[in-house]
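One structure is given below, encoded as structure tokens.
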Amino acid sequence: MTAATKEHEPNGAYGPMRRKEDARFIRGCGTFVDDIQLPGMLHGAILRSPLAHARITSIDTLAAEGHPKVKAVITGQTLAELGLAWMPTMSQDVQAVLATDKVRFQGQEVAFVVAEDRYAARDALELIDVSYEPLPPVVDAHRALDPDAPLIRDDIAGQTDNRIFDWAAGDRARTDEIFAAADVTVAQDMLYPRVHPAPLETCGTIADMDKVSGKLTVWSTSQAPHAHRTLYALVTGLPEHKIRIISPDIGGGFGNKVGIYPGYICAIVGSILTGKPVKWMEDRSENLMSTSFARDYHMHGEIAATKEGKILGLRVKVLADHGAFNGAAQPTKFPAGFFGVFTGSYDLRTAHCEITGVYTNKAPGGVAYSCSFRVTEAVYLVERMVDVLARELGIDPAELRMKNLLRPAQFPYTSATGWEYDSGDYPRALRLAMDIAGYPELRREQAEQRARPGPQPGHPGTLMGIGMSFFTEAVGAGPRAHMDILGLGMADGADLRVHPTGKAVLAISVQTQGQGHETTFAQIVAQELGISPDDVEVVHGDTDRTPFGLGTYGSRSTPVSGAATAVVARKVRERARIVAAAMLEAAAEDLEWADGRWQVRGDPDKGKNIAEIAMAAHSGLELPDGVEGHLDATTVYNPPNLTYPFGAYICVVDVDPGTGRVRVRRFIAVDDCGVRINPMIVEGQVHGGLADGLGMALMQVIAFDPEGNCLGGSFMDYLLPTSMECPSWELGTTVTPSPHHPIGAKGVGESATVGSPAAVVNAVIDALAPYGVRHADMPLTPAAVWRAIQGRPLRSDLAIT
Amino acid sequence: MQVPAHFEYEKATSVEHCLALLAKFGPESRVLAGGHSLIPMMKLRLAQPETLIDINDLTELGYLRVSDGELRMGALTRHAELLSSPVAGEHFPILHDAERVIADPIVRNRGTIGGSLCQADPSEDLSAAFAAVRAIMVIQGGAGTRTVPAREFHLGPYETVVESDELLTEIRVPILPGSGSAYEKVERRAGDWPVGAAGAALWLDGDTITEVGIGLAAVGAAHFSAAEAEDALRGEPATDDSFTRAGQIAAEHCRPISDQRGPADYKRHLAAELTVRALRRARGRVRGGKG
């Protein structure tokens with residue numbers, strides 16, 4: 001079901017269009033890294049630590065080296081001799097490529113075997129003898145800063161405890177004042193537990209060092225090929241023009257494929273040592289246990305309001321578990337990502353947050369799983385706090401939100417923590433969601449149900465819950481003056497070539513992992529040039545063929561590269577105007593762009609389309625000043641601001657109090673991501689994100705036992721939702737264009753993941769209101785719900801005992 | 001990519017051939033049926049059999065029929081075949097209830113009921129369902145055939161009475177009049193193993209319980225059953241009060257362990273709650289309800 005408002009409906013090439021890339025995917029003809037077979041290719045496998053914290057006393061690789069099919073065994077010692085035992089992370093830390101001194105999390109990389117096939121490589125791992133001296137692990141983030149906590153990062157000079165950073169935003173003094181004077185304040189602890197993006201294709205790479213040319217070609221599951229190339233140059237010292245990164249088809253990323261993992265470096269070293277291409281593909285357990293996790297934010301929220309329900313301020317303290325190395329991927333100046341937008345969609349006078357990052361003996365990461373650089377955590381915090389306040393005040397959560405939402409006239413709006421929201425009509429989106437849901441009828445049904453006797457033991461019966469969240473996203477990083485990753489400004493390039501017959505080839509720096517760039521970006525070019533999207537080929541994923549840019553994550557493709565694409569297409573169009581003027585023997589300024597062609601103003605019969613102009617540009621036609629020949633153009637887009645998509649989500653659940661089971665009956669999602677280029681792709685992304693959010697809310701978690709063993713290392717332990725758990729999503733649309741984006745579009749890739757967990761949790765907590773439950777942490781498994789009813793909530797980040 | 005260790009592969013062409021292969025390759029060989037537990041365990045190298053003996057060609061073990069007052073199922077019957085069998089559903093709706101919540105269609109298309117029972121996972125739904133209906137296992141060896149009650153089939157987690165040179169060939173369930181049965185399971189997600197599950201089979205004479213079977217999965221119940229609760233029900237009226245008491249007894253006698261599916265107290269609660277629910281649904285079915 002789709003409900004749409006009518007204004008700003010785009011014409012021309014925009015609209016639902018089947019994805020061009022699906023022609024190969026639905027035939028099973030995609031090419032993923034693991035599909036690539038190179039002549040003479042060898043296979044790598046990684047020996048990982050079984051312990052969470054231990055000193056390595058010896059590594060004996062002799063037996064493994066003696067295996068008839070083994071070509072090389074690489075240890076931290078091998079890498080240390082090359083200066084590669086440690087690599088920089090994206091958070092100004094270092095991470096061990098292969099452990100030399102200690103292992104710091106279960107699953108950490110210890111040795112790398114290169115063999116003739118993957119079976120032999122795996123067999124040889126069992127022939128490596130590593131001696132460990134176990135050390136006490138830090139598992140509970142709340143114990144990481146205890147005075148007697150074991151020191152995890154003794155490799156860092158001057159590091160005396162497990163603190164990584166302290167970061168704050170907002171006005172502490174004013175916030176404290178507002179809280180001191182407020183009618184009502186409420187506090188709530190909440191955990192956004194550790195989850196994992198778990199793309200169906202795990203991470204992997206093939207490294208091929210050509211001994212003769214000295215050129216390194218790397219096929220990789222990378223969301224950011226250009227950034228990887230530069231990083232490899234900086235880390236290995238190889239000249240950057242001799243490095244080529246190819247990202248072929250990628251089976252999902254969700255932030256899992258942004259960073260560089262030790263296996264990639266090992267494969268490169270393996271290729272250099274053996275002179276052969278080396279493939280390394282991690283298995284499912286390796287992916288879940290060692291690559292970038294997400295969240296792990298232990299939050300304490302406080303909200304202040306008048307007794308009438310006017311929200312005044314928000315105060316937050318966060319303990320951020322970053323694992324054993326600070327490998328979180330976010331712009332340099334934002335150690336807590338964009339958590340600073342935690343004031344959400346509301347007109348607050350003041351807010352303050354303090355975040356402390358700590359090391360623990362767990363895998364590194366933190367920023368992944370469609371989190372928009374931690375807007376996910378921020379939205380969850382504020383949307384739970386608003387519901388906690390609604391309960392305290394006895395006000396309907398919808399009414400409380402409506403009362404406090406920013407009004408359209410307030411945009412552009414600068415938040416209490418300094419973020420400039422570009423555009424929005426929040427009440428309209430919330431009203432639409434409530435209309436689709438039939439909100440008053442739902443509340444009536446719930447009231448009637450609550451008036452009857454509740455479910456009895458032994459009798460199946462359910463309690464209805466209604467939850468909502470209103471989220472504001474902050475995506476499209478970002479303005480290069482404020483945002484860089486490892487010193488690389490977050491601008492992206494686009495090159496557009498137009499062949500003589502008017503067919504176009506667009507080369508972009510962002511990297512689809514399923515987002516449909518080959519279709520969407522073709523539609524943008526088509527819209528700007530008046531041609532068919534079928535006549536635009538989109539080239540991406542090869543650093544030798546595309547302009548520099550930072551890649552796809554943080555919903556930045558459309559806000560940044562989509563803008564670059566529109567801009568470069570307009571450059572082509574302006575060049576075409578000059579050529580058309582020569583063709584039409586008119587002055588360029590007398591031409592207007594109408595109906596997909598340049599025509600003489602007031603004389604629509606005299607006009608030329610792009611195909612005609614392109615042929616002329618390549619012909620013997622004498623060209624005027626301003627165009628050298630051809631129509632090709634190039635650009636770099638530096639976004640003036642982030643874009644701020646938003647949405648209103650309503651979830652209806654039925655909870656069986658006898659078993660704790662939650663069934664999601666309905667989910668209504670109204671998204672406003674500005675102008676929609678391909679609404680069908682947008683809806684697909686929303687569907688995926690809603691399933692993600694439902695999964696996090698109800699079943700996904702990576703917990704650890706007291707020894708630091710990862711308890712989420714397989715798909716039997718780490719659950720992804722299926723169609724059985726997902727209702728038929730009910731979508732709605734409003735369109736509020738971004739004023740600063742060339743086509744008014746905002747990013748949408750992470751909106752649903754950001755917005756949906758709070759709606760599900762709020763619905764479950766609403767259902768449990770008759771039991772006096774005010775909060776319970778995700779994931780709300782049957783056991784967690786039942787324990788919440790019992791008043792003995794589970795701690796979801798630790799082993800259940 | 002997860003890859004298994006080296007193994008040899010043999011394809012059995014008949015039950016006799018399979019038994020000969022088992023005798024030849026000994027305890028380090030494993031029978032491969034649907035493979036949906038064994039192959040993942042091999043890829044994780046939790047299992048490293050020296051030889052796999054593939055029985056998927058033994059079509060003589062894939063059947064489902066009523067014979068001599070028993071529902072008889074070949075051990076190689078696929079889960080999907082049991083689930084779609086009208087005759088199984090007519091006599092023992094508990095089997096359809098259980099199959100509907102076992103894994104997913106892909107696993108059910110390939111996985112076999114004999115394989116599931118022999119895997120002997122403490123959370124196996126079919127082990128509880130067959131314990132409830134008091135099934136009989138037929139085991140064939142070089143020396144001949146023997147039968148073992150379902151409740152004596154499992155020796156412990158991942159351990160059965162089937163010797164290394166034997167093969168489970170058939171499961172038989174006696175059909176007795178006046179019965180109703182049902183299975184109730186709580187899982188974290190479709191396709192997951194149960195957090196806790198209970199099956200019940202009831203035989204009524206009027207309102208009086210003449211016989212009852214209660215099967216429990218994943219809650220540490222001895223022999224996947226709740227014998228003490230059954231004792232308390234036999235001869236009693238089939239009322240909610242009786243069922244509630246039986247649920248409490250079932251919960252008292254199981255020994256669940258805490259894991260990431262849930263804490264022990266919750267699983268114990270489920271043992272009671274689901275036992276009552278299964279009994280109530282089974283009663284409804286005796287009385288002709290579809291439930």
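Letters A, B, ... mark the chains of the structure tokens in the order given; residue numbers begin at 1 per chain; ligand numbers begin at 1, in order shown.
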Determine, for each residue of chain A having at least one atom at most 6 Å from an atom of chain B, the closest pair of atoms and their separation in Å to one decimal, counting only C-alpha atoms; order by chain and ascending number, as a Markdown table.
```
| residue | atom | partner | partner_atom | distance |
| --- | --- | --- | --- | --- |
| A:Glu282 | CA | B:Met1 | CA | 5.6 |
| A:Asp283 | CA | B:Met1 | CA | 4.0 |
| A:Gly458 | CA | B:Glu273 | CA | 5.1 |
| A:Ala783 | CA | B:Gly262 | CA | 5.2 |
| A:Ile800 | CA | B:Asp259 | CA | 5.6 |
| A:Thr801 | CA | B:Ser258 | CA | 5.3 |
```
Create the file for the chosen residues now, containing C-alpha atoms and written as a short mmCIF file (atom, residue, chain, number, x, y, z; two decimals), in the first residue's frame.
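out.cif, written as the output of this step:
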```
data_model
loop_
_atom_site.label_atom_id
_atom_site.label_comp_id
_atom_site.auth_asym_id
_atom_site.auth_seq_id
_atom_site.Cartn_x
_atom_site.Cartn_y
_atom_site.Cartn_z
CA GLU A 282 36.15 -15.26 5.10
CA ASP A 283 33.57 -17.76 6.24
CA GLY A 458 -2.20 -22.04 29.79
CA ALA A 783 12.71 -14.85 27.04
CA ILE A 800 22.22 -15.55 29.78
CA THR A 801 22.61 -17.35 33.09
#
```
### Task
Assign secondary structure with DSSP using the backbone only, and return the residues of segment 63-253 of chain B in strand (DSSP E or B) as JSON, numbers by chain.
{"B": [64, 65, 66, 67, 70, 71, 72, 73, 74, 78, 112, 136, 137, 138, 139, 140, 141, 144, 145, 146, 147, 148, 149, 154, 155, 156, 159, 160, 167, 168, 169, 170, 171, 172, 173, 174, 179, 180, 181, 182, 183, 184, 185, 186, 187, 194, 195, 196, 197, 198, 199, 200, 201, 202, 203, 204, 205, 208, 209, 210, 211, 212, 213, 214, 215, 216, 217, 225, 237]}
Please identify all polymer residues within 9 Å of Gly478 of chain A, counting only C-alpha atoms, omitting same-chain residues fewer than 3 positions from it, and present them as a compact mmCIF listing (two decimals) with N, CA, C and O atoms, in the first residue's frame.
```txt
# COMPACT_ATOMS: atom_id res chain seq x y z
N PRO A 331 33.70 10.23 10.07
CA PRO A 331 34.52 11.41 9.81
C PRO A 331 35.37 11.75 11.04
O PRO A 331 34.95 11.61 12.18
N VAL A 475 22.35 12.59 6.64
CA VAL A 475 23.11 11.74 5.71
C VAL A 475 23.74 12.56 4.59
O VAL A 475 23.38 13.70 4.34
N ALA A 481 34.98 20.74 4.47
CA ALA A 481 35.61 21.57 5.50
C ALA A 481 35.43 20.94 6.88
O ALA A 481 36.22 21.18 7.79
N HIS A 482 34.38 20.14 7.04
CA HIS A 482 34.12 19.55 8.36
C HIS A 482 34.35 18.05 8.38
O HIS A 482 34.51 17.46 9.44
N MET A 483 34.28 17.44 7.21
CA MET A 483 34.22 15.98 7.21
C MET A 483 35.28 15.38 6.30
O MET A 483 35.33 15.66 5.11
N ASP A 484 36.11 14.53 6.92
CA ASP A 484 37.10 13.78 6.17
C ASP A 484 37.25 12.42 6.81
O ASP A 484 36.86 12.22 7.95
N GLY A 489 38.95 14.38 2.16
CA GLY A 489 37.69 15.12 2.20
C GLY A 489 36.58 14.32 1.54
O GLY A 489 36.81 13.57 0.59
N MET A 490 35.35 14.49 2.06
CA MET A 490 34.27 13.60 1.65
C MET A 490 33.50 14.15 0.45
O MET A 490 32.28 14.24 0.44
N ALA A 491 34.24 14.54 -0.60
CA ALA A 491 33.63 14.95 -1.86
C ALA A 491 33.77 13.80 -2.85
O ALA A 491 34.66 12.97 -2.71
N ARG A 556 25.18 8.07 1.50
CA ARG A 556 25.74 9.25 0.86
C ARG A 556 25.71 9.20 -0.67
O ARG A 556 26.03 10.20 -1.32
N PRO A 559 22.88 11.74 -2.03
CA PRO A 559 23.18 13.12 -1.64
C PRO A 559 24.49 13.66 -2.24
O PRO A 559 24.56 14.83 -2.59
N VAL A 560 25.52 12.82 -2.37
CA VAL A 560 26.80 13.33 -2.85
C VAL A 560 26.99 12.99 -4.33
O VAL A 560 27.05 13.86 -5.18
N ASN A 638 31.18 18.86 -3.74
CA ASN A 638 31.43 19.04 -2.31
C ASN A 638 30.12 19.49 -1.68
O ASN A 638 29.71 20.63 -1.83
N PRO A 639 29.42 18.60 -0.96
CA PRO A 639 28.08 18.96 -0.47
C PRO A 639 28.13 20.14 0.51
O PRO A 639 28.99 20.16 1.39
N PRO A 640 27.24 21.11 0.33
CA PRO A 640 27.23 22.25 1.24
C PRO A 640 26.76 21.89 2.63
O PRO A 640 27.09 22.57 3.60
N ASN A 641 25.98 20.83 2.76
CA ASN A 641 25.43 20.43 4.06
C ASN A 641 25.03 18.97 3.92
O ASN A 641 25.00 18.42 2.83
N LEU A 642 24.73 18.36 5.05
CA LEU A 642 24.10 17.05 4.99
C LEU A 642 22.66 17.23 4.51
O LEU A 642 22.13 18.34 4.54
```
### Message
I'd like to know which residues of segment 126-238 of chain B are helix (DSSP H, G or I) (by DSSP, run on the backbone); could you write them as JSON, numbers by chain?
### Response
{"B": [126, 127, 128, 129, 130, 131, 132, 150, 151, 152, 222, 223, 224, 227, 228, 229, 230, 231, 232, 233]}
### Message
Measuring between only C-alpha atoms, which one of B:Val219, B:Ala232, B:Ile214, B:Leu155 shows the shortest distance to Arg255 of chain B?
### Response
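Smallest separation from Arg255 of chain B among the options: B:Val219.
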Near-Ala52 of chain A list (6 Å; only C-alpha atoms; drop same-chain fewer than 4 positions) as a PDB file with N, CA, C and O atoms, in the first residue's frame:
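Okay, this is what ended up in around-v4.pdb:
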```
ATOM      1  N   ARG A 104      43.719  -9.934  21.497  1.00  0.00           N
ATOM      2  CA  ARG A 104      42.868  -9.030  22.279  1.00  0.00           C
ATOM      3  C   ARG A 104      41.379  -9.273  22.068  1.00  0.00           C
ATOM      4  O   ARG A 104      40.555  -8.586  22.649  1.00  0.00           O
ATOM      5  N   PHE A 105      41.022 -10.196  21.201  1.00  0.00           N
ATOM      6  CA  PHE A 105      39.619 -10.630  21.127  1.00  0.00           C
ATOM      7  C   PHE A 105      39.578 -12.025  20.523  1.00  0.00           C
ATOM      8  O   PHE A 105      40.500 -12.428  19.800  1.00  0.00           O
ATOM      9  N   GLN A 106      38.514 -12.753  20.864  1.00  0.00           N
ATOM     10  CA  GLN A 106      38.362 -14.091  20.297  1.00  0.00           C
ATOM     11  C   GLN A 106      38.088 -13.955  18.804  1.00  0.00           C
ATOM     12  O   GLN A 106      37.150 -13.253  18.413  1.00  0.00           O
ATOM     13  N   ASN A 361      37.684  -6.566  25.339  1.00  0.00           N
ATOM     14  CA  ASN A 361      38.259  -7.693  24.589  1.00  0.00           C
ATOM     15  C   ASN A 361      37.232  -8.299  23.641  1.00  0.00           C
ATOM     16  O   ASN A 361      36.817  -9.447  23.775  1.00  0.00           O
ATOM     17  N   GLY A 708      34.810 -14.065  27.419  1.00  0.00           N
ATOM     18  CA  GLY A 708      34.967 -13.293  26.188  1.00  0.00           C
ATOM     19  C   GLY A 708      34.684 -14.098  24.947  1.00  0.00           C
ATOM     20  O   GLY A 708      35.022 -13.677  23.835  1.00  0.00           O
TER      21      GLY A 708
END
```
Excluding Ala246 of chain B and residues on its chain fewer than 3 positions from it, collect all residues at most 7 Å away from it, counting only C-alpha atoms, and give them as a PDB file with N, CA, C and O atoms, in the first residue's frame.
```
ATOM      1  N   ALA B 229       4.097 -36.281  34.987  1.00  0.00           N
ATOM      2  CA  ALA B 229       2.881 -35.534  34.654  1.00  0.00           C
ATOM      3  C   ALA B 229       1.844 -36.460  34.026  1.00  0.00           C
ATOM      4  O   ALA B 229       0.636 -36.339  34.287  1.00  0.00           O
ATOM      5  N   ALA B 232       0.118 -38.368  36.674  1.00  0.00           N
ATOM      6  CA  ALA B 232      -0.850 -37.569  37.415  1.00  0.00           C
ATOM      7  C   ALA B 232      -2.151 -37.380  36.639  1.00  0.00           C
ATOM      8  O   ALA B 232      -3.193 -37.062  37.222  1.00  0.00           O
ATOM      9  N   LEU B 233      -2.080 -37.540  35.327  1.00  0.00           N
ATOM     10  CA  LEU B 233      -3.275 -37.296  34.507  1.00  0.00           C
ATOM     11  C   LEU B 233      -4.113 -38.546  34.273  1.00  0.00           C
ATOM     12  O   LEU B 233      -5.327 -38.467  34.100  1.00  0.00           O
ATOM     13  N   SER B 242      -6.765 -30.118  35.785  1.00  0.00           N
ATOM     14  CA  SER B 242      -5.855 -31.267  35.680  1.00  0.00           C
ATOM     15  C   SER B 242      -4.640 -30.904  34.842  1.00  0.00           C
ATOM     16  O   SER B 242      -3.500 -31.250  35.166  1.00  0.00           O
ATOM     17  N   PHE B 243      -4.898 -30.213  33.748  1.00  0.00           N
ATOM     18  CA  PHE B 243      -3.806 -29.867  32.836  1.00  0.00           C
ATOM     19  C   PHE B 243      -2.814 -28.924  33.525  1.00  0.00           C
ATOM     20  O   PHE B 243      -1.601 -29.049  33.366  1.00  0.00           O
ATOM     21  N   ILE B 249       3.827 -30.180  37.188  1.00  0.00           N
ATOM     22  CA  ILE B 249       4.651 -31.366  37.454  1.00  0.00           C
ATOM     23  C   ILE B 249       5.707 -31.535  36.361  1.00  0.00           C
ATOM     24  O   ILE B 249       6.875 -31.817  36.643  1.00  0.00           O
ATOM     25  N   ALA B 250       5.283 -31.324  35.126  1.00  0.00           N
ATOM     26  CA  ALA B 250       6.247 -31.428  34.015  1.00  0.00           C
ATOM     27  C   ALA B 250       7.391 -30.440  34.218  1.00  0.00           C
ATOM     28  O   ALA B 250       8.565 -30.769  34.030  1.00  0.00           O
TER      29      ALA B 250
END
```
### Task
Show which residues sit within 7 Å of Arg663 of chain A, as a PyMOL selection string. Count only C-alpha atoms, and ignore same-chain residues fewer than 6 positions away.
chain A and resi 653-655
Atoms kept (all heavy atoms) for selection, written as an mmCIF file, in the first residue's frame:
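Contents of part_36.cif, freshly written:
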```cif
data_model
loop_
_atom_site.group_PDB
_atom_site.id
_atom_site.type_symbol
_atom_site.label_atom_id
_atom_site.label_comp_id
_atom_site.auth_asym_id
_atom_site.auth_seq_id
_atom_site.Cartn_x
_atom_site.Cartn_y
_atom_site.Cartn_z
ATOM 1 N N VAL A 653 1.869 -4.484 17.517
ATOM 2 C CA VAL A 653 2.295 -5.837 17.883
ATOM 3 C C VAL A 653 1.238 -6.506 18.738
ATOM 4 O O VAL A 653 0.387 -5.846 19.354
ATOM 5 C CB VAL A 653 3.629 -5.845 18.664
ATOM 6 C CG1 VAL A 653 4.745 -5.237 17.841
ATOM 7 C CG2 VAL A 653 3.479 -5.131 20.002
ATOM 8 N N ASP A 654 1.322 -7.824 18.749
ATOM 9 C CA ASP A 654 0.534 -8.620 19.681
ATOM 10 C C ASP A 654 1.514 -9.465 20.482
ATOM 11 O O ASP A 654 2.293 -10.226 19.911
ATOM 12 C CB ASP A 654 -0.456 -9.507 18.916
ATOM 13 C CG ASP A 654 -1.492 -8.678 18.178
ATOM 14 O OD1 ASP A 654 -2.262 -7.971 18.847
ATOM 15 O OD2 ASP A 654 -1.500 -8.703 16.929
ATOM 16 N N VAL A 655 1.490 -9.286 21.785
ATOM 17 C CA VAL A 655 2.423 -9.987 22.658
ATOM 18 C C VAL A 655 1.655 -11.059 23.435
ATOM 19 O O VAL A 655 0.616 -10.782 24.028
ATOM 20 C CB VAL A 655 3.098 -9.009 23.641
ATOM 21 C CG1 VAL A 655 4.034 -9.763 24.580
ATOM 22 C CG2 VAL A 655 3.862 -7.929 22.886
#
```
### Summary
Residue with the minimum atom-to-atom distance to Asp249 of chain A, picked from A:Gly516, A:Pro150, A:Pro706, A:Gly749 with only C-alpha atoms counted, is A:Gly516
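The shell of residues at most 10 Å from His36 of chain B, with only C-alpha atoms counted and near chain neighbours (fewer than 6 positions) removed, consists of Ala103, Ile106, Val107, Arg108, Arg110, Gly111, Thr112, Gly115 and Ser116 of chain B.
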### Query
Which is closest to His196 of chain A among A:Ile265, A:Met699, A:Leu216, A:Val139, if we use only C-alpha atoms?
A:Met699
